[in-house]
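Heads up, the thing below is written out as structure tokens.
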Amino acid sequence: MKAYTSILAALALTLLAPATQAQVGKDVYTKTCSICHATGIAGAPRFGNAGDWTPRLAGGVARVHASALKGTAKGMPAKGGNPSLPDADVKAAVDYMIAAVKGASIVAPEAKSAALAKPAAVATKEEAKSPAKEPAKAAPARDETAPAPRRDEPKLAAIATPAAPATPATAGQTGGASVADVNAFNRLLKPPGKRNPPPPEDGIHDPSNDGTHALAPPMTAYANLPKSLAGNRINWVEAIGQKKINPRWDRIDAAAEPMVMDMNIVREVKGSMPDVVYPHKQHTEWLDCSNCHPAIFVPQKGANSISMAAILLGEKCGVCHGKVAFPVSECRLCHSKKKDTPRAQATAGGK
Amino acid sequence: MKKSHHWKGAALLGGLLAALSLFVAEIPDARAEYGDVVINNYSDGSGMRPAVFPHWFHRIRFRCKVCHADLGFKFKAGGNEINMVKIIDGQFCGACHNGEVAWSVENCNLCHTGKPGTPTQVHESTIQKLAQPVGTAAKK
């Protein structure tokens, strides 16, 4: 009976092992490959696009594996430009992409392009042209193949060791998860594996809804944007400054420009924190005067009492900062003007 | 004798799979994008999934002013009393989601993508973190 049980258990795990492997492939795809393969940057065969993949698969899967591992003259960097990836993980990602083509080859390319994310550039016009009427069809098939949420993977991997040795990536994730548990009290610390997940894995979107799988994963849009250390981990102000994005100032008129006002307001603060410099410039790039004045801030110097407590509770600066603009963990982005301390003044006076 | 073995084996396999599916079905901690807004004023009550608004996606395409000044969205998750009648009438989301500027309202399940029962929130916001200490699963 005991032997029978263990055979059954082994059987169950063997059945589960491919799912785990598919999950590894999916993870690698999401983190590395999707940057080019989601939208076809530099001629990369697009995810789920049978037309792109069929000619490449004609020479056999092994050749595609080799191209992915060693790179190609056409532009594919070796291991997608991430040399730290184990060979097995690269192959798993390739298999994941091939599986997506085989699973979704019936889908018309138009529907696919509507379903997949648009690049960072403003894409509203394209969006209007190709209303995503049935983008839902594109995705569900591939995602249902690996429904196990990432969190369960370590457990599965641990049990599955005798049947299918855990790949280094899976082991790495196990490590990541335990670090996250240890530091769970530190809410500012988000392990890299948990940043910017695609909608079906983010815990808010319902993976059983077909529309969820048609939504753009954030990383597909973030690839070219300047990075920051908090929030979306994108420096949105810089993104406009460097002209990486050009969000519309008007709903319809793409040529409308904001009226940017360059005026800094310095607020002296109590305690030892550096004083706050409030730049109108960066704010008027995004906002209209009426967004803040007079409801949130009385446009008069000294008329507004602002405290960190109010901000943390979502008032004053906290109406946006800590919700969508950079969060309050980034103290020095506001508290940026060094105080003239009595000591500094004394030194200066002594000279 | 052999038959009973089969039966027991099948039951065991079933039990094993049930146990596995239990922790597969377990909802992982929400870790959606900073600024994603879940709006669940009426959705749960109407048997729809809550609507999820991705701030990041929209701010790549539009500056804050377009929605928050021109279209009249207040800076308050769930504070705008948006309903489908207003949207179809061209207010709020309907100002763009009309098949002209962006895809139209008939794509219900592109907005109504939230897990049923998810409360109205600005995801990852300071207030959400303050009001919901880590470990209180009930408030999720």
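Please note that chains go A, B, ... in the order of the structure tokens, that every chain numbers its residues from 1, and that ligands are numbered from 1 in the order shown.
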What are the closest atom pairs, with distances in Å to one decimal, for each residue of segment 198-226 of chain A lying within 12 Å of segment 103-119 of chain B, using only C-alpha atoms, rows by chain and rising residue number, as CSV?
residue,atom,partner,partner_atom,distance
A:Pro199,CA,B:Thr113,CA,9.2
A:Pro200,CA,B:Thr113,CA,9.4
A:Glu201,CA,B:Lys115,CA,11.5
A:Asp202,CA,B:Gly114,CA,10.3
A:Gly203,CA,B:Lys115,CA,7.9
A:Ile204,CA,B:Gly114,CA,5.6
A:His205,CA,B:Gly114,CA,4.3
A:Asp206,CA,B:Lys115,CA,4.4
A:Pro207,CA,B:Lys115,CA,8.1
A:Ser208,CA,B:Lys115,CA,8.8
A:Asn209,CA,B:Thr113,CA,6.4
A:Asp210,CA,B:Asn109,CA,7.3
A:Gly211,CA,B:Leu110,CA,4.8
A:Thr212,CA,B:Thr113,CA,5.7
A:His213,CA,B:Leu110,CA,9.0
A:Ala214,CA,B:Leu110,CA,7.5
A:Leu215,CA,B:Leu110,CA,7.1
A:Ala216,CA,B:Leu110,CA,10.5
Same residues, N, CA and C atoms, saved as a CSV table (one decimal), in the first residue's frame:
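This went into out-v2.csv:
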chain,number,residue,atom,x,y,z
A,199,PRO,N,-0.8,41.9,-15.3
A,199,PRO,CA,-2.1,41.9,-14.6
A,199,PRO,C,-2.6,40.6,-14.1
A,200,PRO,N,-2.5,39.5,-14.8
A,200,PRO,CA,-3.1,38.2,-14.3
A,200,PRO,C,-2.4,37.8,-13.0
A,201,GLU,N,-1.2,38.3,-12.7
A,201,GLU,CA,-0.4,37.8,-11.5
A,201,GLU,C,-0.4,38.9,-10.4
A,202,ASP,N,-1.1,40.0,-10.6
A,202,ASP,CA,-0.8,41.1,-9.6
A,202,ASP,C,-1.8,41.1,-8.4
A,203,GLY,N,-2.6,40.1,-8.3
A,203,GLY,CA,-3.4,39.9,-7.1
A,203,GLY,C,-4.7,40.8,-7.0
A,204,ILE,N,-4.8,41.8,-7.9
A,204,ILE,CA,-6.0,42.6,-7.9
A,204,ILE,C,-6.9,42.1,-9.1
A,205,HIS,N,-6.3,41.9,-10.3
A,205,HIS,CA,-7.0,41.5,-11.4
A,205,HIS,C,-7.4,40.0,-11.3
A,206,ASP,N,-8.6,39.7,-11.9
A,206,ASP,CA,-9.1,38.4,-11.8
A,206,ASP,C,-8.6,37.6,-13.0
A,207,PRO,N,-7.7,36.6,-12.7
A,207,PRO,CA,-7.1,35.8,-13.8
A,207,PRO,C,-8.1,35.0,-14.6
A,208,SER,N,-9.3,34.8,-13.9
A,208,SER,CA,-10.3,34.0,-14.6
A,208,SER,C,-11.1,34.8,-15.6
A,209,ASN,N,-10.9,36.1,-15.6
A,209,ASN,CA,-11.5,37.0,-16.6
A,209,ASN,C,-10.7,37.0,-17.9
A,210,ASP,N,-11.3,36.7,-19.0
A,210,ASP,CA,-10.5,36.7,-20.2
A,210,ASP,C,-9.9,38.1,-20.6
A,211,GLY,N,-10.6,39.1,-20.2
A,211,GLY,CA,-10.1,40.5,-20.5
A,211,GLY,C,-8.8,40.8,-19.8
A,212,THR,N,-8.7,40.2,-18.6
A,212,THR,CA,-7.4,40.5,-17.8
A,212,THR,C,-6.2,40.1,-18.7
A,213,HIS,N,-6.3,39.0,-19.4
A,213,HIS,CA,-5.1,38.6,-20.2
A,213,HIS,C,-4.9,39.4,-21.4
A,214,ALA,N,-5.8,40.3,-21.8
A,214,ALA,CA,-5.6,41.2,-22.9
A,214,ALA,C,-5.0,42.5,-22.5
A,215,LEU,N,-4.9,42.7,-21.2
A,215,LEU,CA,-4.3,44.0,-20.7
A,215,LEU,C,-2.8,44.0,-20.9
A,216,ALA,N,-2.3,45.2,-21.1
A,216,ALA,CA,-0.9,45.4,-21.3
A,216,ALA,C,-0.1,45.2,-19.9
Polymer residues at most 8 Å from Ala78 of chain A, only C-alpha atoms, same-chain spacing of 6 or more positions, as a JSON list (two decimals) with C-alpha atoms, in the first residue's frame:
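Saved to around_19.json:
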[["chain", "number", "residue", "atom", "x", "y", "z"],
["A", 67, "SER", "CA", 19.81, 30.98, -31.48],
["A", 68, "ALA", "CA", 18.40, 32.03, -28.15],
["A", 69, "LEU", "CA", 21.45, 30.78, -26.25],
["A", 70, "LYS", "CA", 24.15, 32.07, -28.58],
["A", 71, "GLY", "CA", 22.40, 34.98, -30.24],
["A", 72, "THR", "CA", 22.01, 35.68, -33.94]]
Record the distance separating atom CA of Lys316 of chain A and atom CA of Ser125 of chain B, expressed in Å with one decimal. 14.5 Å
Please return, as a ChimeraX atom specification, all residues of segment 181-333 of chain A that DSSP assigns to strand (DSSP E) on the basis of the backbone. /A:264-267,275-279
Take the residues that were just selected and, keeping N, CA and C atoms, output them as a short mmCIF file (atom, residue, chain, number, x, y, z; two decimals), in the first residue's frame.
data_model
loop_
_atom_site.label_atom_id
_atom_site.label_comp_id
_atom_site.auth_asym_id
_atom_site.auth_seq_id
_atom_site.Cartn_x
_atom_site.Cartn_y
_atom_site.Cartn_z
N ASN A 264 9.89 78.39 -8.14
CA ASN A 264 10.11 77.53 -6.98
C ASN A 264 9.57 78.20 -5.72
N ILE A 265 8.93 77.41 -4.87
CA ILE A 265 8.49 77.90 -3.57
C ILE A 265 9.32 77.17 -2.53
N VAL A 266 9.99 77.90 -1.67
CA VAL A 266 10.76 77.26 -0.61
C VAL A 266 9.96 77.31 0.68
N ARG A 267 9.79 76.17 1.29
CA ARG A 267 9.10 76.11 2.59
C ARG A 267 10.11 75.72 3.64
N ASP A 275 15.02 72.00 4.08
CA ASP A 275 13.82 72.71 3.67
C ASP A 275 13.25 72.12 2.39
N VAL A 276 11.97 72.39 2.20
CA VAL A 276 11.29 71.86 1.01
C VAL A 276 11.34 72.87 -0.12
N VAL A 277 11.73 72.40 -1.27
CA VAL A 277 11.64 73.24 -2.46
C VAL A 277 10.51 72.67 -3.32
N TYR A 278 9.48 73.49 -3.53
CA TYR A 278 8.38 73.05 -4.37
C TYR A 278 8.54 73.65 -5.76
N PRO A 279 8.76 72.84 -6.79
CA PRO A 279 8.93 73.38 -8.14
C PRO A 279 7.59 73.42 -8.89
#
Using backbone DSSP assignments, extract all alpha helix (DSSP H) residues from segment 75-129 of chain B; output them as a ChimeraX atom specification. /B:84-88,108-111,126-129
Any chance you could export the current selection's C-alpha atoms as an mmCIF file, in the first residue's frame?
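And here is the file that came out, selection-v5.cif:
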data_model
loop_
_atom_site.group_PDB
_atom_site.id
_atom_site.type_symbol
_atom_site.label_atom_id
_atom_site.label_comp_id
_atom_site.auth_asym_id
_atom_site.auth_seq_id
_atom_site.Cartn_x
_atom_site.Cartn_y
_atom_site.Cartn_z
ATOM 1 C CA MET B 84 -22.434 53.119 -16.788
ATOM 2 C CA VAL B 85 -25.226 55.534 -17.675
ATOM 3 C CA LYS B 86 -22.835 58.477 -17.255
ATOM 4 C CA ILE B 87 -20.094 56.687 -19.178
ATOM 5 C CA ILE B 88 -22.389 55.879 -22.112
ATOM 6 C CA CYS B 108 -16.916 45.313 -20.411
ATOM 7 C CA ASN B 109 -14.302 42.853 -19.280
ATOM 8 C CA LEU B 110 -11.336 45.083 -20.096
ATOM 9 C CA CYS B 111 -12.253 47.473 -17.243
ATOM 10 C CA THR B 126 0.311 55.435 1.676
ATOM 11 C CA ILE B 127 -3.121 55.584 3.236
ATOM 12 C CA GLN B 128 -3.832 52.025 2.213
ATOM 13 C CA LYS B 129 -0.610 50.871 3.842
#
Pick from A:Arg195, A:Arg332, A:Lys323, A:Arg46, whichever lies nearest to chain B using only C-alpha atoms: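 Looking only at the distances to chain B, the closest residue turns out to be A:Lys323.
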Under the rule that only C-alpha atoms are counted, which of A:Cys292, A:Ala92, A:Ala99, A:Met263 is the nearest residue to chain B?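 That would be A:Cys292, the residue with the smallest distance to chain B.
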To one decimal place in Å, what is the distance between atom CA of His280 of chain A and atom CA of Val260 of chain A? 7.9 Å
Please compute the atom CA of Asn40 of chain B-atom CA of Pro54 of chain B distance, one decimal, in Å. 14.4 Å
